[in-house]
Amino acid sequence: MNKEYNGLNDFKKYLDSKKRIVLKIGTQVLLNDKDKLSLSAFKRICSFSHSLIQQQKEVILVSSGAIAAGKDILNTPPPSNNFSMPEKQAFAACGQALLMKNYGSSFKKYGIKTAQILLTKDDISSRKRFVNARNTIYELLKNKVVPIINENDTISYEEIKFSDNDHLSALVSNLVCADLLIILSNVRGVYDKNPVLHKDAKLIKTIDNIKDFIRDFKETSKSLQGTGGMKSKLYASFIAAGAGIDTIIISGKDGKSLDSLADGILTGTFIPSLKNNINKKKHWLLFGMEKKGQIVIDKGAVDAIINKNKSLLASGILAVNGEFKKGEGVYIVNEEGKIFSIGISNFDSKDIKIIKGLKSHEIKTKFGEGRLSALVVHKDKLAVTA
Ligand code: GLU
């Protein structure tokens, strides 16, 4: 249990301590029962964001809805997910502008300015672009502008896509060093069984161990318009939890729940961060950075990394799979091929093949004091997946 949060009675105090909040809005939250963008949904979300901002908090939105808005603009037939990638991209291109227009006009009422940021997975996996996006968002927050982030659907293709916007919201939470992620859903929170099928389903107020909870969770229903289901929200909260960020999953359809939350009363599900969370840079290594190949290492090296917090040296390397360049991300696997760590390689894969198994002095004797050394992945650029 998070140390500042001792049950729902202290929730107001807990919320007071949270200054930077990422608010994730799913497509379903923005649609009315005719599958069209609902202006009252935008008003509800902007009013909630305004309440948080009045409490001296910074709010960053991650909003879906572009594809659904575009379908409506282009008059496509009733909801279905059977659209090709270019069709969805065209919907997003049309719908994103309408999405921003609706947010812009709903926030204007409170004198709040908005900015659009569209990201692809590439922008997160490149450290340079990741830091650049962060700097831009910080500058916007300094100017009291609400950044509204979505995936850059029009140029995303399978290899560089986020799995969905729940995933994106968790990565953004780490990117902006958020204190809290609030995921607005079309249900009240997480239930012990499917509330549509079971009348006696109970809302879970706190999920203390998100890792175990996800393992046992079975997805029961998904909407046609959104991409994620509850499992993807739980997975997003797990990613956030790993970076020390708590998550709240709450209904975004119900203005009363949002008003209550702004007043410090929680009606949804609270998911505290993991106790053994990792620093933000290592979190990025695990969840953000692209991994290009694999380094297979022996038992002694596995032990040194996991239990002694050591760097990866050439002497413990058995094999290299795939091709990668110096500075790129790699999986580090044990002899059985199990991934247990991720790191940034100091050398090209072809060079590691030459020095693998060699001790430091052997590398020096063979190749001189030059380009190659025994240090293949420094411990500061290495994160253990467990
Ligand atoms: N980027 C998509 C959209 O704006 C939504 C993806 C998702 O909800 O996961 O429609």
# chains A, B, ... in the order shown; residues from 1 in each chain; ligands from 1
$ residues_around --residues "Leu258 in chain A" --least-positions-apart "4" --cutoff "9 Å" --atoms "only C-alpha atoms" --output "ChimeraX atom specification"
/A:44-45,48,250-254,262-263,266-267
$ select_by_dssp --residues "range 35-219 of chain A" --states "helix (DSSP H, G or I)" --output "NGL selection string"
:A and (39-54 or 66-73 or 85-108 or 121-125 or 127-142 or 153-155 or 158-160 or 165-175 or 210-216)
$ residues_near_ligand --ligand "ligand 1" --cutoff "8 Å" --atoms "only C-alpha atoms and all ligand atoms" --output "VMD selection string"
chain A and resid 26 to 27 63 to 69 92 95 to 96 150 to 153 163 to 167 226 to 228
$ residues_around --residues "Ser373 in chain A" --least-positions-apart "2" --cutoff "10 Å" --atoms "only C-alpha atoms" --output "PyMOL selection string"
chain A and resi 313-314+346-347+352+355+358-364+367-371+375-376
$ residues_around --residues "range 297-308 of chain A" --least-positions-apart "3" --cutoff "8 Å" --atoms "only C-alpha atoms" --output "list in words"
Ser311, Leu312, Leu313, Gly316, Ile317, Leu318, Ala319, Ile332, Val333, Asn334, Glu335, Lys379 and Val384 of chain A
$ write_last_selection --atoms "N, CA, C and O atoms" --output "mmCIF file, in the first residue's frame"
data_model
loop_
_atom_site.group_PDB
_atom_site.id
_atom_site.type_symbol
_atom_site.label_atom_id
_atom_site.label_comp_id
_atom_site.auth_asym_id
_atom_site.auth_seq_id
_atom_site.Cartn_x
_atom_site.Cartn_y
_atom_site.Cartn_z
ATOM 1 N N SER A 311 27.952 -4.529 -13.699
ATOM 2 C CA SER A 311 27.848 -4.310 -15.148
ATOM 3 C C SER A 311 28.026 -5.647 -15.872
ATOM 4 O O SER A 311 28.484 -6.626 -15.278
ATOM 5 N N LEU A 312 27.688 -5.664 -17.154
ATOM 6 C CA LEU A 312 27.898 -6.884 -17.944
ATOM 7 C C LEU A 312 29.272 -6.806 -18.618
ATOM 8 O O LEU A 312 29.543 -5.886 -19.394
ATOM 9 N N LEU A 313 30.103 -7.804 -18.317
ATOM 10 C CA LEU A 313 31.452 -7.845 -18.895
ATOM 11 C C LEU A 313 31.536 -8.900 -19.996
ATOM 12 O O LEU A 313 30.779 -9.886 -19.977
ATOM 13 N N GLY A 316 31.512 -12.889 -19.444
ATOM 14 C CA GLY A 316 30.308 -13.679 -19.154
ATOM 15 C C GLY A 316 29.430 -13.912 -20.378
ATOM 16 O O GLY A 316 28.383 -14.559 -20.293
ATOM 17 N N ILE A 317 29.842 -13.393 -21.536
ATOM 18 C CA ILE A 317 28.985 -13.490 -22.730
ATOM 19 C C ILE A 317 29.245 -14.782 -23.507
ATOM 20 O O ILE A 317 30.391 -15.135 -23.820
ATOM 21 N N LEU A 318 28.148 -15.490 -23.792
ATOM 22 C CA LEU A 318 28.250 -16.750 -24.526
ATOM 23 C C LEU A 318 27.962 -16.572 -26.016
ATOM 24 O O LEU A 318 28.571 -17.203 -26.866
ATOM 25 N N ALA A 319 26.973 -15.719 -26.317
ATOM 26 C CA ALA A 319 26.576 -15.564 -27.732
ATOM 27 C C ALA A 319 25.865 -14.235 -27.941
ATOM 28 O O ALA A 319 25.442 -13.573 -26.981
ATOM 29 N N ILE A 332 19.017 -8.938 -22.513
ATOM 30 C CA ILE A 332 20.073 -9.793 -21.975
ATOM 31 C C ILE A 332 19.384 -11.053 -21.459
ATOM 32 O O ILE A 332 18.433 -10.963 -20.671
ATOM 33 N N VAL A 333 19.801 -12.200 -21.982
ATOM 34 C CA VAL A 333 19.079 -13.441 -21.674
ATOM 35 C C VAL A 333 20.030 -14.458 -21.048
ATOM 36 O O VAL A 333 21.247 -14.415 -21.264
ATOM 37 N N ASN A 334 19.456 -15.395 -20.274
ATOM 38 C CA ASN A 334 20.292 -16.440 -19.672
ATOM 39 C C ASN A 334 20.473 -17.603 -20.659
ATOM 40 O O ASN A 334 19.971 -17.549 -21.793
ATOM 41 N N GLU A 335 21.149 -18.632 -20.209
ATOM 42 C CA GLU A 335 21.466 -19.741 -21.114
ATOM 43 C C GLU A 335 20.231 -20.432 -21.665
ATOM 44 O O GLU A 335 20.254 -21.025 -22.734
ATOM 45 N N LYS A 379 26.350 -0.850 -15.658
ATOM 46 C CA LYS A 379 25.220 -1.121 -14.749
ATOM 47 C C LYS A 379 24.185 0.016 -14.709
ATOM 48 O O LYS A 379 23.007 -0.227 -14.469
ATOM 49 N N VAL A 384 16.869 -4.681 -14.663
ATOM 50 C CA VAL A 384 16.447 -6.077 -14.516
ATOM 51 C C VAL A 384 14.927 -6.143 -14.641
ATOM 52 O O VAL A 384 14.215 -5.394 -13.972
#
$ closest_atom_pairs --of "range 11-93 of chain A" --to "range 183-187 of chain A" --cutoff "9 Å" --atoms "only C-alpha atoms" --output "JSON lines"
{"residue": "A:Val22", "atom": "CA", "partner": "A:Ile183", "partner_atom": "CA", "distance": 8.3}
{"residue": "A:Leu23", "atom": "CA", "partner": "A:Ile183", "partner_atom": "CA", "distance": 6.0}
{"residue": "A:Lys24", "atom": "CA", "partner": "A:Ile183", "partner_atom": "CA", "distance": 4.7}
{"residue": "A:Ile25", "atom": "CA", "partner": "A:Leu184", "partner_atom": "CA", "distance": 5.2}
{"residue": "A:Gly26", "atom": "CA", "partner": "A:Ser185", "partner_atom": "CA", "distance": 6.2}
{"residue": "A:Thr27", "atom": "CA", "partner": "A:Ser185", "partner_atom": "CA", "distance": 8.9}
{"residue": "A:Gln28", "atom": "CA", "partner": "A:Asn186", "partner_atom": "CA", "distance": 6.2}
{"residue": "A:Val29", "atom": "CA", "partner": "A:Asn186", "partner_atom": "CA", "distance": 5.7}
$ closest_residue --among "A:Asn194, A:Thr136, A:Ser237, A:Gln55" --to "Leu171 in chain A" --atoms "only C-alpha atoms"
A:Ser237
$ closest_residue --among "A:Val377, A:Lys292, A:Thr154, A:Asp216" --to "Pro86 in chain A" --atoms "only C-alpha atoms"
A:Thr154
$ residues_around --residues "range 198-205 of chain A" --least-positions-apart "6" --cutoff "7 Å" --atoms "only C-alpha atoms" --output "mmCIF file with C-alpha atoms, in the first residue's frame"
data_model
loop_
_atom_site.group_PDB
_atom_site.id
_atom_site.type_symbol
_atom_site.label_atom_id
_atom_site.label_comp_id
_atom_site.auth_asym_id
_atom_site.auth_seq_id
_atom_site.Cartn_x
_atom_site.Cartn_y
_atom_site.Cartn_z
ATOM 1 C CA GLY A 189 -13.671 0.989 -12.091
ATOM 2 C CA VAL A 190 -12.363 -2.566 -11.858
ATOM 3 C CA TYR A 191 -14.848 -5.239 -10.765
ATOM 4 C CA ASP A 192 -14.285 -8.704 -9.348
ATOM 5 C CA GLY A 268 -13.337 4.133 -8.692
ATOM 6 C CA THR A 269 -10.374 1.785 -8.263
ATOM 7 C CA PHE A 270 -7.047 2.812 -6.802
#
$ closest_residue --among "A:Leu274, A:Ile21, A:Ile214, A:Ala240" --to "Pro147 in chain A" --atoms "only C-alpha atoms"
A:Ile21
$ residues_around --residues "Leu39 in chain A" --least-positions-apart "2" --cutoff "12 Å" --atoms "only C-alpha atoms" --output "list in words"
Val29, Leu30, Leu31, Asn32, Lys36, Leu37, Ala41, Phe42, Lys43, Arg44, Ile45, Cys46, Ala69, Leu98, Leu99, Lys101, Asn102, Tyr103, Gly104, Ser105, Ser106 and Phe107 of chain A
$ write_last_selection --atoms "N, CA and C atoms" --output "CSV table (one decimal), in the first residue's frame"
chain,number,residue,atom,x,y,z
A,29,VAL,N,-15.6,7.2,-23.7
A,29,VAL,CA,-16.0,8.3,-22.8
A,29,VAL,C,-16.4,9.5,-23.6
A,30,LEU,N,-15.9,9.7,-24.8
A,30,LEU,CA,-16.2,10.9,-25.6
A,30,LEU,C,-17.4,10.7,-26.5
A,31,LEU,N,-18.0,9.5,-26.6
A,31,LEU,CA,-19.1,9.3,-27.5
A,31,LEU,C,-20.4,9.2,-26.9
A,32,ASN,N,-21.5,9.7,-27.6
A,32,ASN,CA,-22.8,9.5,-27.1
A,32,ASN,C,-23.4,8.2,-27.6
A,36,LYS,N,-21.4,9.3,-31.7
A,36,LYS,CA,-20.9,10.6,-32.2
A,36,LYS,C,-20.2,11.3,-31.0
A,37,LEU,N,-19.2,12.2,-31.3
A,37,LEU,CA,-18.6,12.9,-30.2
A,37,LEU,C,-19.6,13.7,-29.4
A,41,ALA,N,-19.6,15.5,-23.0
A,41,ALA,CA,-18.4,14.7,-22.5
A,41,ALA,C,-17.2,15.6,-22.4
A,42,PHE,N,-17.0,16.4,-23.5
A,42,PHE,CA,-15.8,17.3,-23.5
A,42,PHE,C,-16.0,18.3,-22.3
A,43,LYS,N,-17.2,18.8,-22.1
A,43,LYS,CA,-17.5,19.8,-21.1
A,43,LYS,C,-17.1,19.2,-19.7
A,44,ARG,N,-17.6,17.9,-19.5
A,44,ARG,CA,-17.4,17.2,-18.3
A,44,ARG,C,-15.9,17.1,-18.0
A,45,ILE,N,-15.1,16.7,-19.0
A,45,ILE,CA,-13.7,16.4,-18.8
A,45,ILE,C,-12.9,17.7,-18.5
A,46,CYS,N,-13.4,18.8,-19.3
A,46,CYS,CA,-12.7,20.1,-19.1
A,46,CYS,C,-13.0,20.7,-17.8
A,69,ALA,N,-14.1,10.1,-34.3
A,69,ALA,CA,-14.6,11.4,-34.8
A,69,ALA,C,-14.5,11.4,-36.4
A,98,LEU,N,-11.0,17.8,-35.3
A,98,LEU,CA,-12.3,18.0,-34.6
A,98,LEU,C,-12.2,17.8,-33.1
A,99,LEU,N,-11.4,16.7,-32.7
A,99,LEU,CA,-11.1,16.4,-31.3
A,99,LEU,C,-10.5,17.7,-30.6
A,101,LYS,N,-10.6,20.7,-31.7
A,101,LYS,CA,-11.5,21.9,-31.7
A,101,LYS,C,-12.5,21.8,-30.5
A,102,ASN,N,-13.0,20.6,-30.2
A,102,ASN,CA,-13.9,20.4,-29.1
A,102,ASN,C,-13.2,20.7,-27.8
A,103,TYR,N,-12.0,20.2,-27.6
A,103,TYR,CA,-11.3,20.4,-26.4
A,103,TYR,C,-11.0,21.9,-26.2
A,104,GLY,N,-10.5,22.5,-27.4
A,104,GLY,CA,-10.2,23.9,-27.3
A,104,GLY,C,-11.4,24.8,-26.9
A,105,SER,N,-12.6,24.5,-27.5
A,105,SER,CA,-13.7,25.4,-27.1
A,105,SER,C,-14.2,25.1,-25.7
A,106,SER,N,-14.1,23.9,-25.2
A,106,SER,CA,-14.6,23.6,-23.9
A,106,SER,C,-13.6,24.1,-22.8
A,107,PHE,N,-12.3,24.1,-23.1
A,107,PHE,CA,-11.4,24.7,-22.1
A,107,PHE,C,-11.4,26.2,-22.1
$ select_by_dssp --residues "range 40-268 of chain A" --states "strand (DSSP E or B)" --output "PyMOL selection string"
chain A and resi 58-63+113-119+145-151+180-185+191+203+206+246-251
$ write_last_selection --atoms "N, CA and C atoms" --output "tab-separated table (two decimals), in the first residue's frame"
chain	number	residue	atom	x	y	z
A	58	GLU	N	-0.98	20.33	-12.22
A	58	GLU	CA	-0.75	20.39	-13.67
A	58	GLU	C	-1.45	19.20	-14.29
A	59	VAL	N	-2.14	19.44	-15.41
A	59	VAL	CA	-2.89	18.36	-16.03
A	59	VAL	C	-2.41	18.15	-17.47
A	60	ILE	N	-2.15	16.90	-17.79
A	60	ILE	CA	-1.76	16.54	-19.16
A	60	ILE	C	-2.79	15.52	-19.63
A	61	LEU	N	-3.41	15.77	-20.78
A	61	LEU	CA	-4.42	14.84	-21.28
A	61	LEU	C	-3.80	13.87	-22.30
A	62	VAL	N	-4.19	12.62	-22.22
A	62	VAL	CA	-3.91	11.68	-23.31
A	62	VAL	C	-5.28	11.26	-23.81
A	63	SER	N	-5.65	11.74	-24.98
A	63	SER	CA	-7.02	11.50	-25.43
A	63	SER	C	-7.10	10.69	-26.72
A	113	LYS	N	-5.69	27.43	-22.16
A	113	LYS	CA	-5.22	27.18	-23.54
A	113	LYS	C	-4.78	25.73	-23.68
A	114	THR	N	-4.86	25.23	-24.90
A	114	THR	CA	-4.50	23.83	-25.14
A	114	THR	C	-3.43	23.72	-26.23
A	115	ALA	N	-2.74	22.60	-26.24
A	115	ALA	CA	-1.75	22.33	-27.30
A	115	ALA	C	-1.84	20.87	-27.70
A	116	GLN	N	-1.62	20.62	-28.98
A	116	GLN	CA	-1.70	19.24	-29.48
A	116	GLN	C	-0.29	18.62	-29.59
A	117	ILE	N	-0.14	17.41	-29.08
A	117	ILE	CA	1.11	16.69	-29.27
A	117	ILE	C	0.78	15.29	-29.78
A	118	LEU	N	1.34	14.94	-30.94
A	118	LEU	CA	1.08	13.61	-31.51
A	118	LEU	C	2.38	12.82	-31.49
A	119	LEU	N	2.32	11.64	-30.91
A	119	LEU	CA	3.54	10.83	-30.75
A	119	LEU	C	3.43	9.48	-31.43
A	145	VAL	N	-0.47	25.89	-20.18
A	145	VAL	CA	-1.20	25.31	-21.31
A	145	VAL	C	-1.44	23.83	-21.00
A	146	VAL	N	-2.62	23.32	-21.35
A	146	VAL	CA	-2.88	21.89	-21.16
A	146	VAL	C	-2.44	21.13	-22.42
A	147	PRO	N	-1.40	20.29	-22.32
A	147	PRO	CA	-1.01	19.49	-23.48
A	147	PRO	C	-2.03	18.37	-23.70
A	148	ILE	N	-2.43	18.18	-24.95
A	148	ILE	CA	-3.36	17.08	-25.27
A	148	ILE	C	-2.64	16.14	-26.23
A	149	ILE	N	-2.40	14.94	-25.75
A	149	ILE	CA	-1.54	14.00	-26.48
A	149	ILE	C	-2.38	12.88	-27.08
A	150	ASN	N	-2.04	12.49	-28.29
A	150	ASN	CA	-2.64	11.31	-28.91
A	150	ASN	C	-1.55	10.61	-29.70
A	151	GLU	N	-1.80	9.40	-30.09
A	151	GLU	CA	-0.86	8.74	-30.99
A	151	GLU	C	-0.95	9.41	-32.35
A	180	LEU	N	0.56	11.01	-10.71
A	180	LEU	CA	-0.65	10.18	-10.71
A	180	LEU	C	-1.18	10.05	-12.14
A	181	LEU	N	-1.66	8.85	-12.46
A	181	LEU	CA	-2.33	8.61	-13.75
A	181	LEU	C	-3.80	8.33	-13.45
A	182	ILE	N	-4.68	9.11	-14.08
A	182	ILE	CA	-6.12	8.84	-13.91
A	182	ILE	C	-6.64	8.35	-15.26
A	183	ILE	N	-7.16	7.14	-15.29
A	183	ILE	CA	-7.70	6.58	-16.54
A	183	ILE	C	-9.22	6.67	-16.47
A	184	LEU	N	-9.79	7.45	-17.40
A	184	LEU	CA	-11.25	7.56	-17.45
A	184	LEU	C	-11.78	6.43	-18.34
A	185	SER	N	-12.71	5.68	-17.79
A	185	SER	CA	-13.23	4.52	-18.50
A	185	SER	C	-14.75	4.68	-18.67
A	191	TYR	N	-13.94	-4.38	-11.52
A	191	TYR	CA	-14.85	-5.24	-10.77
A	191	TYR	C	-14.25	-6.62	-10.56
A	203	LEU	N	-17.26	-3.72	-7.04
A	203	LEU	CA	-16.17	-2.83	-7.43
A	203	LEU	C	-14.99	-3.06	-6.48
A	206	THR	N	-9.26	-1.03	-4.03
A	206	THR	CA	-7.79	-0.93	-4.12
A	206	THR	C	-7.22	-2.25	-4.62
A	246	ASP	N	1.10	6.06	-9.12
A	246	ASP	CA	-0.17	5.41	-8.79
A	246	ASP	C	-1.17	5.64	-9.93
A	247	THR	N	-2.18	4.77	-10.01
A	247	THR	CA	-3.23	4.94	-11.03
A	247	THR	C	-4.60	4.89	-10.37
A	248	ILE	N	-5.51	5.69	-10.92
A	248	ILE	CA	-6.92	5.59	-10.55
A	248	ILE	C	-7.70	5.26	-11.83
A	249	ILE	N	-8.54	4.25	-11.77
A	249	ILE	CA	-9.43	3.95	-12.90
A	249	ILE	C	-10.84	4.31	-12.46
A	250	ILE	N	-11.47	5.19	-13.21
A	250	ILE	CA	-12.75	5.74	-12.77
A	250	ILE	C	-13.64	6.01	-13.99
A	251	SER	N	-14.94	6.11	-13.77
A	251	SER	CA	-15.83	6.39	-14.89
A	251	SER	C	-15.66	7.84	-15.37
